[in-house]
file coords24.cif (mmCIF, C-alpha atoms, pLDDT in the B column; chains and numbers go by the auth columns)
data_input
loop_
_atom_site.group_PDB
_atom_site.id
_atom_site.type_symbol
_atom_site.label_atom_id
_atom_site.label_comp_id
_atom_site.label_asym_id
_atom_site.label_seq_id
_atom_site.Cartn_x
_atom_site.Cartn_y
_atom_site.Cartn_z
_atom_site.B_iso_or_equiv
_atom_site.auth_seq_id
_atom_site.auth_asym_id
ATOM 1 C CA MET A 1 86.398 152.145 67.749 50.00 1297 P
ATOM 2 C CA ALA A 2 89.058 150.043 65.992 47.00 1298 P
ATOM 3 C CA ILE A 3 90.541 147.391 68.308 48.00 1299 P
ATOM 4 C CA THR A 4 93.459 145.158 67.371 55.00 1300 P
ATOM 5 C CA LYS A 5 93.544 141.450 68.202 50.00 1301 P
ATOM 6 C CA GLU A 6 96.279 142.048 70.797 49.00 1302 P
ATOM 7 C CA VAL A 7 94.300 144.765 72.570 50.00 1303 P
ATOM 8 C CA GLU A 8 91.201 142.588 72.521 48.00 1304 P
ATOM 9 C CA GLN A 9 93.117 139.674 74.110 46.00 1305 P
ATOM 10 C CA GLY A 10 94.413 141.854 76.917 46.00 1306 P
ATOM 11 C CA GLN A 11 90.965 142.912 78.055 49.00 1307 P
ATOM 12 C CA ALA A 12 88.707 140.035 76.975 54.00 1308 P
ATOM 13 C CA VAL A 13 89.653 137.845 79.954 60.00 1309 P
ATOM 14 C CA TYR A 14 87.743 140.142 82.295 64.00 1310 P
ATOM 15 C CA SER A 15 84.333 138.522 82.072 71.00 1311 P
ATOM 16 C CA LYS A 16 81.946 139.026 84.978 74.00 1312 P
ATOM 17 C CA PRO A 17 82.762 135.581 86.482 74.00 1313 P
ATOM 18 C CA VAL A 18 86.498 136.400 86.322 82.00 1314 P
ATOM 19 C CA LEU A 19 85.899 139.813 87.884 85.00 1315 P
ATOM 20 C CA TRP A 20 84.028 138.089 90.697 82.00 1316 P
ATOM 21 C CA LEU A 21 87.235 136.151 91.509 90.00 1317 P
ATOM 22 C CA TYR A 22 89.641 139.021 90.761 91.00 1318 P
ATOM 23 C CA ASP A 23 89.817 140.544 94.241 93.00 1319 P
ATOM 24 C CA LEU A 24 90.564 137.173 95.839 93.00 1320 P
ATOM 25 C CA TRP A 25 93.071 135.877 93.265 93.00 1321 P
ATOM 26 C CA VAL A 26 94.898 139.060 92.237 94.00 1322 P
ATOM 27 C CA LEU A 27 94.474 141.450 95.151 95.00 1323 P
ATOM 28 C CA GLY A 28 94.325 138.851 97.903 94.00 1324 P
ATOM 29 C CA LEU A 29 96.823 136.178 96.823 96.00 1325 P
ATOM 30 C CA SER A 30 98.878 137.104 93.757 97.00 1326 P
ATOM 31 C CA ASN A 31 99.960 140.547 94.934 97.00 1327 P
ATOM 32 C CA ARG A 32 101.285 139.325 98.272 97.00 1328 P
ATOM 33 C CA TYR A 33 102.706 135.910 97.435 97.00 1329 P
ATOM 34 C CA ILE A 34 103.544 136.041 93.711 98.00 1330 P
ATOM 35 C CA TRP A 35 104.206 139.639 92.711 98.00 1331 P
ATOM 36 C CA GLN A 36 105.501 140.430 96.228 98.00 1332 P
ATOM 37 C CA CYS A 37 103.637 143.744 96.441 98.00 1333 P
ATOM 38 C CA PRO A 38 100.790 143.577 98.970 98.00 1334 P
ATOM 39 C CA THR A 39 97.580 145.285 97.908 98.00 1335 P
ATOM 40 C CA ALA A 40 97.790 147.434 101.057 98.00 1336 P
ATOM 41 C CA ASP A 41 100.929 149.078 99.619 98.00 1337 P
ATOM 42 C CA ILE A 42 99.135 149.904 96.377 98.00 1338 P
ATOM 43 C CA LEU A 43 96.217 151.338 98.352 98.00 1339 P
ATOM 44 C CA LYS A 44 98.604 153.556 100.345 98.00 1340 P
ATOM 45 C CA HIS A 45 100.058 154.787 97.064 98.00 1341 P
ATOM 46 C CA PHE A 46 96.522 155.435 95.812 97.00 1342 P
ATOM 47 C CA ASN A 47 95.602 157.409 98.937 98.00 1343 P
ATOM 48 C CA ARG A 48 98.781 159.450 98.673 97.00 1344 P
ATOM 49 C CA HIS A 49 97.806 160.872 95.275 97.00 1345 P
ATOM 50 C CA ILE A 50 94.010 160.663 94.968 97.00 1346 P
ATOM 51 C CA THR A 51 92.006 163.898 94.673 97.00 1347 P
ATOM 52 C CA SER A 52 88.286 164.540 94.827 98.00 1348 P
ATOM 53 C CA ASN A 53 88.304 165.190 91.044 98.00 1349 P
ATOM 54 C CA HIS A 54 89.611 161.878 89.766 98.00 1350 P
ATOM 55 C CA LEU A 55 89.680 159.685 86.653 98.00 1351 P
ATOM 56 C CA ASP A 56 90.448 155.971 87.039 98.00 1352 P
ATOM 57 C CA VAL A 57 91.705 154.251 83.889 98.00 1353 P
ATOM 58 C CA GLY A 58 91.608 150.453 83.683 95.00 1354 P
ATOM 59 C CA VAL A 59 89.112 150.137 86.497 96.00 1355 P
ATOM 60 C CA GLY A 60 89.228 146.399 87.257 93.00 1356 P
ATOM 61 C CA THR A 61 86.620 145.742 89.929 94.00 1357 P
ATOM 62 C CA GLY A 62 86.708 149.212 91.485 96.00 1358 P
ATOM 63 C CA TYR A 63 88.457 147.905 94.608 97.00 1359 P
ATOM 64 C CA PHE A 64 90.751 150.892 95.104 97.00 1360 P
ATOM 65 C CA LEU A 65 88.015 153.442 94.404 98.00 1361 P
ATOM 66 C CA ASP A 66 85.835 151.671 96.947 97.00 1362 P
ATOM 67 C CA LYS A 67 88.518 151.416 99.633 97.00 1363 P
ATOM 68 C CA CYS A 68 90.452 154.675 99.137 97.00 1364 P
ATOM 69 C CA GLN A 69 90.070 157.835 101.200 97.00 1365 P
ATOM 70 C CA PHE A 70 88.961 160.731 99.017 97.00 1366 P
ATOM 71 C CA PRO A 71 89.694 164.214 100.386 95.00 1367 P
ATOM 72 C CA PRO A 72 86.758 165.903 102.128 93.00 1368 P
ATOM 73 C CA GLY A 73 84.074 167.417 99.936 92.00 1369 P
ATOM 74 C CA ASP A 74 82.122 166.390 96.870 96.00 1370 P
ATOM 75 C CA VAL A 75 83.690 163.727 94.661 98.00 1371 P
ATOM 76 C CA ARG A 76 83.765 163.940 90.863 98.00 1372 P
ATOM 77 C CA LEU A 77 84.731 160.506 89.594 98.00 1373 P
ATOM 78 C CA GLY A 78 85.318 159.244 86.070 98.00 1374 P
ATOM 79 C CA LEU A 79 85.752 155.601 85.015 98.00 1375 P
ATOM 80 C CA MET A 80 87.562 154.724 81.778 97.00 1376 P
ATOM 81 C CA ASP A 81 88.006 151.228 80.374 95.00 1377 P
ATOM 82 C CA LEU A 82 87.659 149.294 77.141 93.00 1378 P
ATOM 83 C CA ASN A 83 85.912 146.415 78.903 91.00 1379 P
ATOM 84 C CA GLN A 84 82.229 147.079 79.529 92.00 1380 P
ATOM 85 C CA ASN A 85 82.064 144.368 82.194 92.00 1381 P
ATOM 86 C CA SER A 86 84.671 146.204 84.263 93.00 1382 P
ATOM 87 C CA LEU A 87 82.837 149.487 83.823 96.00 1383 P
ATOM 88 C CA ASP A 88 79.544 147.919 84.908 94.00 1384 P
ATOM 89 C CA VAL A 89 80.974 146.150 87.963 94.00 1385 P
ATOM 90 C CA THR A 90 82.945 149.191 89.111 96.00 1386 P
ATOM 91 C CA ALA A 91 80.114 151.660 88.519 97.00 1387 P
ATOM 92 C CA ALA A 92 77.829 149.504 90.669 96.00 1388 P
ATOM 93 C CA ARG A 93 80.467 149.242 93.409 96.00 1389 P
ATOM 94 C CA VAL A 94 80.997 153.017 93.642 98.00 1390 P
ATOM 95 C CA VAL A 95 77.467 154.087 92.711 98.00 1391 P
ATOM 96 C CA ARG A 96 77.502 156.403 95.741 98.00 1392 P
ATOM 97 C CA TYR A 97 79.780 158.733 93.746 98.00 1393 P
ATOM 98 C CA ASN A 98 77.530 158.766 90.663 98.00 1394 P
ATOM 99 C CA PRO A 99 80.546 158.097 88.394 98.00 1395 P
ATOM 100 C CA LEU A 100 80.898 159.151 84.774 97.00 1396 P
ATOM 101 C CA GLN A 101 81.716 156.281 82.404 97.00 1397 P
ATOM 102 C CA PHE A 102 83.933 156.383 79.300 96.00 1398 P
ATOM 103 C CA ARG A 103 84.547 153.315 77.126 94.00 1399 P
ATOM 104 C CA CYS A 104 87.856 153.985 75.378 93.00 1400 P
ATOM 105 C CA ASN A 105 90.961 152.321 73.986 93.00 1401 P
ATOM 106 C CA VAL A 106 93.733 154.356 75.604 94.00 1402 P
ATOM 107 C CA LEU A 107 96.233 153.318 72.919 93.00 1403 P
ATOM 108 C CA ASP A 108 94.246 155.612 70.616 93.00 1404 P
ATOM 109 C CA GLU A 109 93.759 159.329 71.074 92.00 1405 P
ATOM 110 C CA VAL A 110 91.120 159.998 73.716 92.00 1406 P
ATOM 111 C CA ASP A 111 88.419 162.337 72.496 88.00 1407 P
ATOM 112 C CA ILE A 112 85.633 162.650 75.033 89.00 1408 P
ATOM 113 C CA ALA A 113 83.470 165.508 76.241 85.00 1409 P
ATOM 114 C CA ALA A 114 84.702 165.834 79.806 86.00 1410 P
ATOM 115 C CA GLY A 115 86.358 168.505 81.880 91.00 1411 P
ATOM 116 C CA LYS A 116 89.824 168.201 83.350 95.00 1412 P
ATOM 117 C CA PHE A 117 90.682 165.932 86.272 97.00 1413 P
ATOM 118 C CA GLU A 118 93.095 166.771 89.091 97.00 1414 P
ATOM 119 C CA SER A 119 94.294 163.170 89.353 98.00 1415 P
ATOM 120 C CA ILE A 120 94.339 160.190 86.980 98.00 1416 P
ATOM 121 C CA SER A 121 95.239 156.634 87.991 98.00 1417 P
ATOM 122 C CA LEU A 122 96.294 153.582 85.971 97.00 1418 P
ATOM 123 C CA ASN A 123 96.603 150.572 88.226 97.00 1419 P
ATOM 124 C CA TYR A 124 97.680 147.271 86.652 96.00 1420 P
ATOM 125 C CA LEU A 125 96.872 148.487 83.147 96.00 1421 P
ATOM 126 C CA LEU A 126 100.183 148.971 81.330 97.00 1422 P
ATOM 127 C CA HIS A 127 101.347 145.358 81.653 96.00 1423 P
ATOM 128 C CA CYS A 128 98.094 144.260 79.962 93.00 1424 P
ATOM 129 C CA LEU A 129 98.575 146.523 76.932 93.00 1425 P
ATOM 130 C CA PRO A 130 100.357 145.056 73.878 92.00 1426 P
ATOM 131 C CA GLY A 131 103.807 146.143 72.766 92.00 1427 P
ATOM 132 C CA LYS A 132 106.981 147.423 74.391 94.00 1428 P
ATOM 133 C CA LEU A 133 106.584 149.626 77.456 95.00 1429 P
ATOM 134 C CA SER A 134 108.289 152.531 75.688 92.00 1430 P
ATOM 135 C CA ASP A 135 105.559 152.389 73.028 94.00 1431 P
ATOM 136 C CA LYS A 136 102.473 151.670 75.123 95.00 1432 P
ATOM 137 C CA LEU A 137 103.295 154.545 77.466 95.00 1433 P
ATOM 138 C CA SER A 138 101.623 156.566 74.728 94.00 1434 P
ATOM 139 C CA ALA A 139 98.488 155.735 76.734 95.00 1435 P
ATOM 140 C CA LEU A 140 99.657 158.263 79.327 95.00 1436 P
ATOM 141 C CA ASP A 141 100.052 160.881 76.602 95.00 1437 P
ATOM 142 C CA HIS A 142 96.487 160.248 75.478 95.00 1438 P
ATOM 143 C CA ILE A 143 94.870 160.437 78.902 96.00 1439 P
ATOM 144 C CA SER A 144 97.012 163.395 79.958 93.00 1440 P
ATOM 145 C CA THR A 145 94.902 165.547 77.655 94.00 1441 P
ATOM 146 C CA LEU A 146 92.303 165.229 80.443 96.00 1442 P
ATOM 147 C CA LEU A 147 94.716 166.205 83.229 95.00 1443 P
ATOM 148 C CA ALA A 148 94.520 169.623 84.869 95.00 1444 P
ATOM 149 C CA GLU A 149 97.660 171.770 84.764 91.00 1445 P
ATOM 150 C CA SER A 150 98.537 171.045 88.374 90.00 1446 P
ATOM 151 C CA GLY A 151 97.342 167.448 88.213 95.00 1447 P
ATOM 152 C CA VAL A 152 99.055 164.156 88.980 97.00 1448 P
ATOM 153 C CA VAL A 153 99.123 160.836 87.123 97.00 1449 P
ATOM 154 C CA PHE A 154 99.883 157.747 89.180 98.00 1450 P
ATOM 155 C CA GLY A 155 99.559 154.007 89.091 98.00 1451 P
ATOM 156 C CA SER A 156 101.231 150.625 89.216 98.00 1452 P
ATOM 157 C CA THR A 157 102.434 148.071 86.699 98.00 1453 P
ATOM 158 C CA ILE A 158 104.052 144.645 86.859 98.00 1454 P
ATOM 159 C CA LEU A 159 107.558 144.596 85.395 98.00 1455 P
ATOM 160 C CA SER A 160 109.496 141.632 84.038 97.00 1456 P
ATOM 161 C CA GLU A 161 113.096 142.786 83.609 96.00 1457 P
ATOM 162 C CA GLY A 162 115.349 143.971 86.424 96.00 1458 P
ATOM 163 C CA VAL A 163 112.997 143.076 89.289 97.00 1459 P
ATOM 164 C CA PRO A 164 113.094 140.163 91.751 96.00 1460 P
ATOM 165 C CA ARG A 165 110.817 137.340 90.590 97.00 1461 P
ATOM 166 C CA ASN A 166 110.310 134.118 92.450 97.00 1462 P
ATOM 167 C CA THR A 167 109.793 130.832 90.611 97.00 1463 P
ATOM 168 C CA VAL A 168 106.007 131.099 90.664 98.00 1464 P
ATOM 169 C CA ALA A 169 106.117 134.694 89.387 98.00 1465 P
ATOM 170 C CA LYS A 170 108.312 133.687 86.444 97.00 1466 P
ATOM 171 C CA LYS A 171 106.044 130.777 85.552 98.00 1467 P
ATOM 172 C CA LEU A 172 102.771 132.678 85.893 97.00 1468 P
ATOM 173 C CA MET A 173 104.102 135.666 83.980 97.00 1469 P
ATOM 174 C CA HIS A 174 105.176 133.334 81.170 97.00 1470 P
ATOM 175 C CA ILE A 175 101.714 131.762 81.012 96.00 1471 P
ATOM 176 C CA TYR A 176 99.963 135.148 81.057 94.00 1472 P
ATOM 177 C CA ASN A 177 102.195 136.438 78.262 95.00 1473 P
ATOM 178 C CA GLN A 178 101.558 133.344 76.161 94.00 1474 P
ATOM 179 C CA LYS A 179 97.800 133.797 76.545 91.00 1475 P
ATOM 180 C CA GLY A 180 97.940 137.504 75.752 89.00 1476 P
ATOM 181 C CA ILE A 181 96.659 138.501 79.193 90.00 1477 P
ATOM 182 C CA PHE A 182 100.002 140.203 79.912 94.00 1478 P
ATOM 183 C CA SER A 183 102.394 141.780 77.449 95.00 1479 P
ATOM 184 C CA ASN A 184 105.336 142.697 79.651 97.00 1480 P
ATOM 185 C CA VAL A 185 108.220 140.420 78.635 96.00 1481 P
ATOM 186 C CA GLU A 186 110.553 143.398 78.165 95.00 1482 P
ATOM 187 C CA ASP A 187 108.923 145.880 80.552 97.00 1483 P
ATOM 188 C CA CYS A 188 111.562 147.502 82.766 97.00 1484 P
ATOM 189 C CA GLN A 189 112.022 150.409 85.142 97.00 1485 P
ATOM 190 C CA GLY A 190 114.365 152.218 82.762 97.00 1486 P
ATOM 191 C CA ASP A 191 111.715 152.737 80.080 97.00 1487 P
ATOM 192 C CA LEU A 192 109.211 153.948 82.659 97.00 1488 P
ATOM 193 C CA GLN A 193 111.740 156.326 84.193 97.00 1489 P
ATOM 194 C CA THR A 194 112.755 157.763 80.823 97.00 1490 P
ATOM 195 C CA TYR A 195 109.144 158.476 79.952 96.00 1491 P
ATOM 196 C CA LEU A 196 108.275 160.109 83.274 96.00 1492 P
ATOM 197 C CA ALA A 197 111.440 162.232 83.277 95.00 1493 P
ATOM 198 C CA ASN A 198 110.608 163.572 79.814 94.00 1494 P
ATOM 199 C CA ARG A 199 106.953 164.333 80.547 93.00 1495 P
ATOM 200 C CA PHE A 200 106.707 165.471 84.146 93.00 1496 P
ATOM 201 C CA GLU A 201 108.325 168.110 86.333 90.00 1497 P
ATOM 202 C CA GLU A 202 108.281 165.788 89.321 95.00 1498 P
ATOM 203 C CA TYR A 203 108.091 162.009 89.292 97.00 1499 P
ATOM 204 C CA GLN A 204 108.682 159.041 91.544 97.00 1500 P
ATOM 205 C CA ILE A 205 109.088 155.303 91.028 98.00 1501 P
ATOM 206 C CA GLU A 206 109.093 152.796 93.861 98.00 1502 P
ATOM 207 C CA ILE A 207 109.751 149.108 93.205 98.00 1503 P
ATOM 208 C CA LYS A 208 107.944 146.598 95.410 98.00 1504 P
ATOM 209 C CA GLY A 209 108.685 143.046 94.322 98.00 1505 P
ATOM 210 C CA CYS A 210 107.745 142.843 90.623 98.00 1506 P
ATOM 211 C CA VAL A 211 105.626 145.990 90.788 98.00 1507 P
ATOM 212 C CA ALA A 212 106.515 149.572 89.951 98.00 1508 P
ATOM 213 C CA LEU A 213 104.484 152.195 91.825 98.00 1509 P
ATOM 214 C CA PHE A 214 104.835 155.465 89.928 98.00 1510 P
ATOM 215 C CA SER A 215 103.601 159.035 89.885 98.00 1511 P
ATOM 216 C CA GLY A 216 104.205 162.145 87.839 97.00 1512 P
ATOM 217 C CA LYS A 217 103.183 165.741 88.370 93.00 1513 P
ATOM 218 C CA ARG A 218 102.513 167.551 85.151 73.00 1514 P
ATOM 219 C CA LYS A 219 104.866 170.143 83.695 63.00 1515 P
ATOM 220 C CA ILE A 220 103.142 173.534 83.562 55.00 1516 P
#

call {"tool": "encode", "arguments": {"input": "coords24.cif", "output": "structure tokens"}}
result
Amino acid sequence: MAITKEVEQGQAVYSKPVLWLYDLWVLGLSNRYIWQCPTADILKHFNRHITSNHLDVGVGTGYFLDKCQFPPGDVRLGLMDLNQNSLDVTAARVVRYNPLQFRCNVLDEVDIAAGKFESISLNYLLHCLPGKLSDKLSALDHISTLLAESGVVFGSTILSEGVPRNTVAKKLMHIYNQKGIFSNVEDCQGDLQTYLANRFEEYQIEIKGCVALFSGKRKI
């Protein structure tokens, strides 16, 4: 698996010690006070679209998979990430679902032996991928090869342009971009909307603070 320096920078920060602090710093503090999008709102968005046949891409710590409400019945769960630490931590957190694990770079074509999924989520992944949003949305093209005909893709991403940012958000976003943790200097709602409108029959975007909550139902 060929990985560029920029891709490596975006995921390398997630060591196991960092993941141990992630829920407190990102989900507990940053979302509410810096990005102005409380984690509870992202979880509601997650619950609105989750199915019992689900693939989570960019798994983080597995918080949303652990806290979400799957529909009744057996759960088939896939985890996809480039960072093995994230896969390990999340798989342990949701071991009750016996998840499948796929280590992939979603900026490349995804070629794995797996059946289709009825829902696929990408929470807080796109702003960590290098390049312009219009280019890195190719990740959705790649993972959509695993989406069932009636399936839904959904997620969230932190935008930079055209959204309200307080002083701390501007400063922290600048630092993260300098360090290669974020790559979202030009990320805007317009590029996301153009992509979703061209790929999906139905789509929605909701802006909460700096965060875009989005979903798209596949064209059949």

call {"tool": "resolve_selection", "arguments": {"input": "coords24.cif", "expression": "the PyMOL selection byres ((chain P and resi 1424-1436) around 10)", "output": "ChimeraX atom specification"}}
result
/P:1300-1307,1353-1354,1401-1406,1416-1418,1420-1423,1437-1441,1449-1450,1453-1455,1472-1473,1476-1492,1495

call {"tool": "atom_distance", "arguments": {"input": "coords24.cif", "atom1": "atom CA of Asn1419 of chain P", "atom2": "atom CA of Val1391 of chain P"}}
result
20.0 Å

call {"tool": "closest_residue", "arguments": {"input": "coords24.cif", "among": "P:Pro1367, P:Gly1505, P:Gly1324, P:Gly1374", "to": "His1350 of chain P", "atoms": "only C-alpha atoms"}}
result
P:Gly1374

call {"tool": "atom_distance", "arguments": {"input": "coords24.cif", "atom1": "atom CA of Asn1349 of chain P", "atom2": "atom CA of Val1390 of chain P"}}
result
14.4 Å

call {"tool": "closest_residue", "arguments": {"input": "coords24.cif", "among": "P:Ala1444, P:Ile1471, P:Leu1375, P:Val1385", "to": "Arg1514 of chain P", "atoms": "all atoms listed in the file"}}
result
P:Ala1444

call {"tool": "atom_distance", "arguments": {"input": "coords24.cif", "atom1": "atom CA of Phe1510 of chain P", "atom2": "atom CA of Asp1337 of chain P"}}
result
12.2 Å

call {"tool": "residues_around", "arguments": {"input": "coords24.cif", "residues": "Tyr1329 of chain P", "least_positions_apart": "6", "cutoff": "10 Å", "atoms": "all atoms listed in the file", "output": "list in words"}}
result
Val1322, Asn1462, Val1464, Ala1465 and Gly1505 of chain P

call {"tool": "resolve_selection", "arguments": {"input": "coords24.cif", "expression": "the PyMOL selection byres ((chain P and resi 1392) around 12)", "output": "JSON, numbers by chain"}}
result
{"P": [1361, 1362, 1370, 1371, 1372, 1373, 1386, 1387, 1388, 1389, 1390, 1391, 1393, 1394, 1395, 1396]}

call {"tool": "write_last_selection", "arguments": {"input": "coords24.cif", "atoms": "C-alpha atoms", "output": "mmCIF file, keeping the file's coordinate frame"}}
result
data_model
loop_
_atom_site.group_PDB
_atom_site.id
_atom_site.type_symbol
_atom_site.label_atom_id
_atom_site.label_comp_id
_atom_site.auth_asym_id
_atom_site.auth_seq_id
_atom_site.Cartn_x
_atom_site.Cartn_y
_atom_site.Cartn_z
ATOM 1 C CA LEU P 1361 88.015 153.442 94.404
ATOM 2 C CA ASP P 1362 85.835 151.671 96.947
ATOM 3 C CA ASP P 1370 82.122 166.390 96.870
ATOM 4 C CA VAL P 1371 83.690 163.727 94.661
ATOM 5 C CA ARG P 1372 83.765 163.940 90.863
ATOM 6 C CA LEU P 1373 84.731 160.506 89.594
ATOM 7 C CA THR P 1386 82.945 149.191 89.111
ATOM 8 C CA ALA P 1387 80.114 151.660 88.519
ATOM 9 C CA ALA P 1388 77.829 149.504 90.669
ATOM 10 C CA ARG P 1389 80.467 149.242 93.409
ATOM 11 C CA VAL P 1390 80.997 153.017 93.642
ATOM 12 C CA VAL P 1391 77.467 154.087 92.711
ATOM 13 C CA TYR P 1393 79.780 158.733 93.746
ATOM 14 C CA ASN P 1394 77.530 158.766 90.663
ATOM 15 C CA PRO P 1395 80.546 158.097 88.394
ATOM 16 C CA LEU P 1396 80.898 159.151 84.774
#

call {"tool": "residues_near_point", "arguments": {"input": "coords24.cif", "point": "(83.6, 147.0, 84.2)", "cutoff": "12 Å", "atoms": "all atoms listed in the file", "output": "PyMOL selection string"}}
result
chain P and resi 1307-1316+1318+1352-1359+1375-1390+1397-1399

call {"tool": "residues_around", "arguments": {"input": "coords24.cif", "residues": "Ser1446 of chain P", "least_positions_apart": "4", "cutoff": "12 Å", "atoms": "all atoms listed in the file", "output": "number ranges by chain"}}
result
P: 1347, 1412-1416, 1440, 1442, 1496-1498, 1512-1516

call {"tool": "axis_aligned_box", "arguments": {"input": "coords24.cif", "around": "segment 1385-1392 of chain P", "padding_each_side": "5 Å", "output": "lines of an AutoDock Vina configuration file"}}
result
center_x = 80.2
center_y = 151.3
center_z = 91.9
size_x = 15.5
size_y = 20.3
size_z = 17.8

call {"tool": "closest_residue", "arguments": {"input": "coords24.cif", "among": "P:Ile1408, P:Ser1511, P:Cys1333, P:Ser1456", "to": "Leu1468 of chain P", "atoms": "all atoms listed in the file"}}
result
P:Ser1456

call {"tool": "closest_residue", "arguments": {"input": "coords24.cif", "among": "P:Asn1327, P:Thr1463, P:Gly1451, P:His1470", "to": "Gln1500 of chain P", "atoms": "all atoms listed in the file"}}
result
P:Gly1451

call {"tool": "closest_residue", "arguments": {"input": "coords24.cif", "among": "P:Leu1325, P:Met1469, P:Cys1364, P:Val1507", "to": "Leu1339 of chain P", "atoms": "all atoms listed in the file"}}
result
P:Cys1364

call {"tool": "residues_around", "arguments": {"input": "coords24.cif", "residues": "Leu1509 of chain P", "least_positions_apart": "5", "cutoff": "6 Å", "atoms": "all atoms listed in the file", "output": "ChimeraX atom specification"}}
result
/P:1451-1452,1501-1502
